[in-house]
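Let me begin by presenting the structure, written as structure tokens, before commenting on it.
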Amino acid sequence: MRKILKGFAVCLPVVGAASGYYMLKPLECREPESHPYQLLPKASYSDHPNKHYLTKVPESVGVVGGGISGAIVAKTLSQQGYKVEVIERNPGAGGIWYQNYDGSGLQFPYPHYNLPDHEFPEDTELIPKRESVKQFIEDYMTKFNLWPMFKFSTEVSKIHQRKDGTWEVSTKSGQKKQYDFLVVTNGPYNKPYIPEIEGLSSFKGKFFHSSEFINIKEHCEGKKVVVVGSGKSAMDVVTQAYKNGAECTLVMRKAHWLVPPGKTFLGLPLFYFNSNRFAGLLMHPYYNTSGAIFQYMQPLVKGYWKVIEWVLNQDMPQEMIPSSEYHREKLYRGGARNPEVPELVKQGNMKLVRGQTSKVKPEGLEVNGETLEADVIVFATGFSRDFLGLSAEEDGIWMYRNTIIPGKKNFAIVGLINTYCNPLYTNIQALWLSEVLRGRVRLPSEGYMQDDVFDRKKYTRQIIDESTASFSWFPYPMIDQFLSDIGVETNRKPSLFKFWFEPIKPSDYTSVVTHRV
């Protein structure tokens, strides 16, 4: 026995050193050099592998939605020679960032919102406000000369596919536009949702959706403001209302896991523990992730996430601590938590009520049988989605690679998924679509795509508490799937150690978004 133990004592340092060398050694470049924005050859229709998806090789592309996703699609496809026109209902660029509630900003630190070929200035605040994000998008449009492609103050009322497969887009001003191919990029935040509550029309004060809560000072000073919601927008709005002289109450049906900006653990940003590929091995498998560790090492899984939960719950009032498991909820929900709200609640400067809103009375909101007096009610209750008349299920539209509706030709939806690096995901998705259009990515049969969509839908609804077709806060499996389809190396890091333990960075994909021969 002593000899065996002595053997182990000799071998362990050697194995550890070899493993360390293997994980840390630089990886060789496995891709040819790319040439920025090179016009690439397209397959002719007679030779095109995706005839079951296309009625012709498109020349003109219409894009509905002029936010960051619309701009990314316009840049990606126009650089491949397509004539692109983007239709945007607002008078200017930015989509939801053109106008939003006072104090609105990103869900995550700005480095995750960077694009592989366009970044925020280094002096940007960690969680940029709306104005900075809007400027970021405008600078992107200027950098790639996208402005001439945009038609502002043009709201779409209807989309219709003609018999020849082309698309007709009708606007509320009476225009009709025709395109060979149509991409919808109006995103998950396009239709403010206020729940139908008994008595709302009888309320004597004012009520708003959070996205419409602007010029906040005139509505707040000396007033009683009740904010309904538990996400980032609710935290932002109630904090702004307090700072502008309101007596504030926050009503939460359910507490959710939100991460304060700059949160650290063991001296490192928390993102290094909850948002890298190793963390992904400890979550429910999704799409092409094996999930072996999750399945066979449950004590490790539970212990790891309990530590993360402990870190997040430090200095939190009991009523703001979620009852759900963090690693389950992070599959479909995430965002930054305003760190001021827990402090205001603990100090007694802000009232927090947990419960279901039952009805509205002339003098306020009834929750748990108690009437909360209010001059203003703000519903930070999220958005429903406008799919422009397309057939959708209760939880959204289910698509192949979250992009293509099987059986719907010459059509795609881009930018509907929520991740912590939305612009990067959308950029890779748009690149994949461009490769489908030029015939470098061969789509499977319509039947295979339908089966794939069915399997993902079934699986998602089993593991997600609030099932939605646009889920997946965790971006790696989906981005890897796109890159595998395109034939590009999925490991964008210089070593295996960084591949597993360093969070995703848009700059890792700079060479991917340049065009290859």
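Residue numbering restarts at 1 in every chain; chains get A, B, ... in the order shown in the structure tokens, and ligands count up from 1 in that same order.
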Check which residues of region 40-144 of chain A sit at most 12 Å from region 384-404 of chain A using only C-alpha atoms, and return one row each with the closest pair of atoms and their distance in Å to one decimal, ordered by chain and rising number, as a tab-separated table.
```
residue	atom	partner	partner_atom	distance
A:Tyr53	CA	A:Ile404	CA	9.1
A:Leu54	CA	A:Ile404	CA	11.6
A:Val64	CA	A:Leu388	CA	9.9
A:Gly65	CA	A:Asp386	CA	11.4
```
For this session: Write out as a ChimeraX atom specification all residues of region 158-359 of chain A that DSSP puts in alpha helix (DSSP H) for this structure's backbone.
Result: /A:216-220,232-243,271-274,277-281,292-296,298-313,326-329,340-346
Go ahead and write the selection's residues with C-alpha atoms as a short mmCIF file (atom, residue, chain, number, x, y, z; two decimals), in the first residue's frame.
```
data_model
loop_
_atom_site.label_atom_id
_atom_site.label_comp_id
_atom_site.auth_asym_id
_atom_site.auth_seq_id
_atom_site.Cartn_x
_atom_site.Cartn_y
_atom_site.Cartn_z
CA ILE A 216 -39.61 61.33 -15.01
CA LYS A 217 -39.13 64.31 -12.66
CA GLU A 218 -42.51 65.88 -13.42
CA HIS A 219 -44.25 62.58 -12.62
CA CYS A 220 -42.35 61.81 -9.41
CA LYS A 232 -33.78 45.28 -14.51
CA SER A 233 -36.21 47.89 -15.86
CA ALA A 234 -38.25 47.75 -12.64
CA MET A 235 -35.09 48.29 -10.56
CA ASP A 236 -33.97 51.16 -12.78
CA VAL A 237 -37.34 52.93 -12.81
CA VAL A 238 -37.99 52.68 -9.07
CA THR A 239 -34.47 53.99 -8.35
CA GLN A 240 -34.96 56.94 -10.70
CA ALA A 241 -38.35 57.68 -9.15
CA TYR A 242 -36.82 57.71 -5.65
CA LYS A 243 -34.01 60.01 -6.75
CA PHE A 271 -18.46 36.42 -15.07
CA TYR A 272 -15.35 34.23 -14.79
CA PHE A 273 -17.37 31.81 -12.67
CA ASN A 274 -20.93 31.92 -14.01
CA ARG A 277 -17.67 27.31 -20.89
CA PHE A 278 -16.83 25.39 -17.72
CA ALA A 279 -19.96 26.84 -16.10
CA GLY A 280 -21.85 25.63 -19.16
CA LEU A 281 -20.85 22.05 -18.38
CA ALA A 292 -22.03 14.64 -19.12
CA ILE A 293 -20.78 16.45 -16.01
CA PHE A 294 -24.26 17.78 -15.29
CA GLN A 295 -25.72 14.30 -15.55
CA TYR A 296 -23.15 12.28 -13.58
CA GLN A 298 -24.68 16.30 -9.39
CA PRO A 299 -22.90 17.02 -6.07
CA LEU A 300 -20.33 19.13 -7.95
CA VAL A 301 -23.10 20.87 -9.91
CA LYS A 302 -25.21 21.69 -6.86
CA GLY A 303 -22.21 22.77 -4.79
CA TYR A 304 -20.83 25.04 -7.51
CA TRP A 305 -24.10 26.92 -8.03
CA LYS A 306 -24.82 27.13 -4.31
CA VAL A 307 -21.56 29.04 -3.92
CA ILE A 308 -22.57 31.43 -6.72
CA GLU A 309 -25.99 31.89 -5.10
CA TRP A 310 -24.30 32.66 -1.78
CA VAL A 311 -22.16 35.32 -3.44
CA LEU A 312 -25.20 36.94 -5.07
CA ASN A 313 -27.27 36.89 -1.89
CA TYR A 326 -29.81 30.09 -10.19
CA HIS A 327 -28.41 27.70 -12.79
CA ARG A 328 -31.91 26.85 -14.05
CA GLU A 329 -33.07 30.43 -14.32
CA GLU A 340 -29.10 50.68 -4.84
CA VAL A 341 -32.48 48.94 -4.56
CA PRO A 342 -31.54 46.35 -1.88
CA GLU A 343 -29.94 49.11 0.20
CA LEU A 344 -33.00 51.36 -0.07
CA VAL A 345 -35.24 48.46 0.96
CA LYS A 346 -33.05 47.52 3.93
#
```
For this session: Skip Asp117 (chain A) itself and residues of its chain fewer than 3 positions away, then list as an MDAnalysis selection string all residues within 8 Å of it, counting only C-alpha atoms.
Result: chainID A and resid 507 510 513
File of the preceding selection, all heavy atoms, as a JSON list (two decimals), in the first residue's frame:
```json
[["chain", "number", "residue", "atom", "x", "y", "z"],
["A", 507, "SER", "N", -14.21, 40.25, -29.44],
["A", 507, "SER", "CA", -12.96, 40.36, -30.19],
["A", 507, "SER", "C", -12.38, 39.01, -30.56],
["A", 507, "SER", "O", -11.55, 38.90, -31.47],
["A", 507, "SER", "CB", -11.93, 41.17, -29.38],
["A", 507, "SER", "OG", -11.69, 40.56, -28.12],
["A", 510, "THR", "N", -13.23, 38.39, -34.35],
["A", 510, "THR", "CA", -12.96, 39.41, -35.37],
["A", 510, "THR", "C", -12.66, 38.77, -36.72],
["A", 510, "THR", "O", -13.18, 39.20, -37.76],
["A", 510, "THR", "CB", -11.79, 40.31, -34.93],
["A", 510, "THR", "OG1", -12.15, 40.95, -33.70],
["A", 510, "THR", "CG2", -11.50, 41.36, -35.98],
["A", 513, "VAL", "N", -15.91, 37.37, -38.70],
["A", 513, "VAL", "CA", -16.87, 38.23, -39.40],
["A", 513, "VAL", "C", -16.27, 38.89, -40.64],
["A", 513, "VAL", "O", -16.97, 39.57, -41.37],
["A", 513, "VAL", "CB", -17.47, 39.30, -38.47],
["A", 513, "VAL", "CG1", -18.13, 38.66, -37.26],
["A", 513, "VAL", "CG2", -16.43, 40.32, -38.02]]
```
Problem set entry | Selected residue, from A:Tyr113, A:Phe411, A:Phe474, A:Phe120, that lies nearest to Lys505 (chain A) when counting only C-alpha atoms | A:Tyr113
For this session: Measure the distance from CA of Glu489 (chain A) to CA of Tyr37 (chain A) in Å and round it to one decimal.
Result: 19.2 Å
Exercise. Contacts of region 245-262 of chain A at 7 Å or less, counting only C-alpha atoms, minus same-chain residues fewer than 2 places along, as a PyMOL selection string?
Worked result: chain A and resi 109+220-230+238+241-243+264+269+312+320-322+326+334-339+350-356
Problem set entry | Residue contacts of Phe108 (chain A) (7 Å, only C-alpha atoms) excluding same-chain residues fewer than 2 positions away, as a list in words |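 My list of contacting residues is Leu106, Tyr110, His112, Ile127, Gly335, Ala336 and Tyr420 of chain A.
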With N, CA, C and O atoms retained, could you export that selection as a PDB file, in the first residue's frame?
```
ATOM      1  N   LEU A 106     -27.833  49.302 -20.674  1.00  0.00           N
ATOM      2  CA  LEU A 106     -27.614  47.898 -21.024  1.00  0.00           C
ATOM      3  C   LEU A 106     -27.902  46.978 -19.842  1.00  0.00           C
ATOM      4  O   LEU A 106     -27.868  47.392 -18.677  1.00  0.00           O
ATOM      5  N   TYR A 110     -20.540  46.787 -20.830  1.00  0.00           N
ATOM      6  CA  TYR A 110     -20.455  47.115 -22.260  1.00  0.00           C
ATOM      7  C   TYR A 110     -19.510  46.217 -23.077  1.00  0.00           C
ATOM      8  O   TYR A 110     -19.750  46.018 -24.275  1.00  0.00           O
ATOM      9  N   HIS A 112     -19.431  43.182 -23.346  1.00  0.00           N
ATOM     10  CA  HIS A 112     -20.221  42.075 -23.901  1.00  0.00           C
ATOM     11  C   HIS A 112     -21.146  42.552 -25.013  1.00  0.00           C
ATOM     12  O   HIS A 112     -21.711  41.728 -25.745  1.00  0.00           O
ATOM     13  N   ILE A 127     -21.898  50.059 -17.282  1.00  0.00           N
ATOM     14  CA  ILE A 127     -23.240  49.782 -17.799  1.00  0.00           C
ATOM     15  C   ILE A 127     -23.711  51.056 -18.495  1.00  0.00           C
ATOM     16  O   ILE A 127     -24.251  51.954 -17.859  1.00  0.00           O
ATOM     17  N   GLY A 335     -29.328  39.561 -16.364  1.00  0.00           N
ATOM     18  CA  GLY A 335     -29.302  41.010 -16.425  1.00  0.00           C
ATOM     19  C   GLY A 335     -28.615  41.596 -15.211  1.00  0.00           C
ATOM     20  O   GLY A 335     -28.255  40.892 -14.261  1.00  0.00           O
ATOM     21  N   ALA A 336     -28.440  42.901 -15.266  1.00  0.00           N
ATOM     22  CA  ALA A 336     -27.772  43.608 -14.178  1.00  0.00           C
ATOM     23  C   ALA A 336     -28.786  44.060 -13.137  1.00  0.00           C
ATOM     24  O   ALA A 336     -29.903  44.458 -13.466  1.00  0.00           O
ATOM     25  N   TYR A 420     -26.258  37.177 -23.193  1.00  0.00           N
ATOM     26  CA  TYR A 420     -25.554  38.287 -22.562  1.00  0.00           C
ATOM     27  C   TYR A 420     -24.606  38.994 -23.531  1.00  0.00           C
ATOM     28  O   TYR A 420     -23.944  39.960 -23.156  1.00  0.00           O
TER      29      TYR A 420
END
```
Problem set entry | Residue among A:Gly199, A:Gly407, A:Trp432, A:Lys129 lying closest to Met449 (chain A), counting only C-alpha atoms | A:Gly407
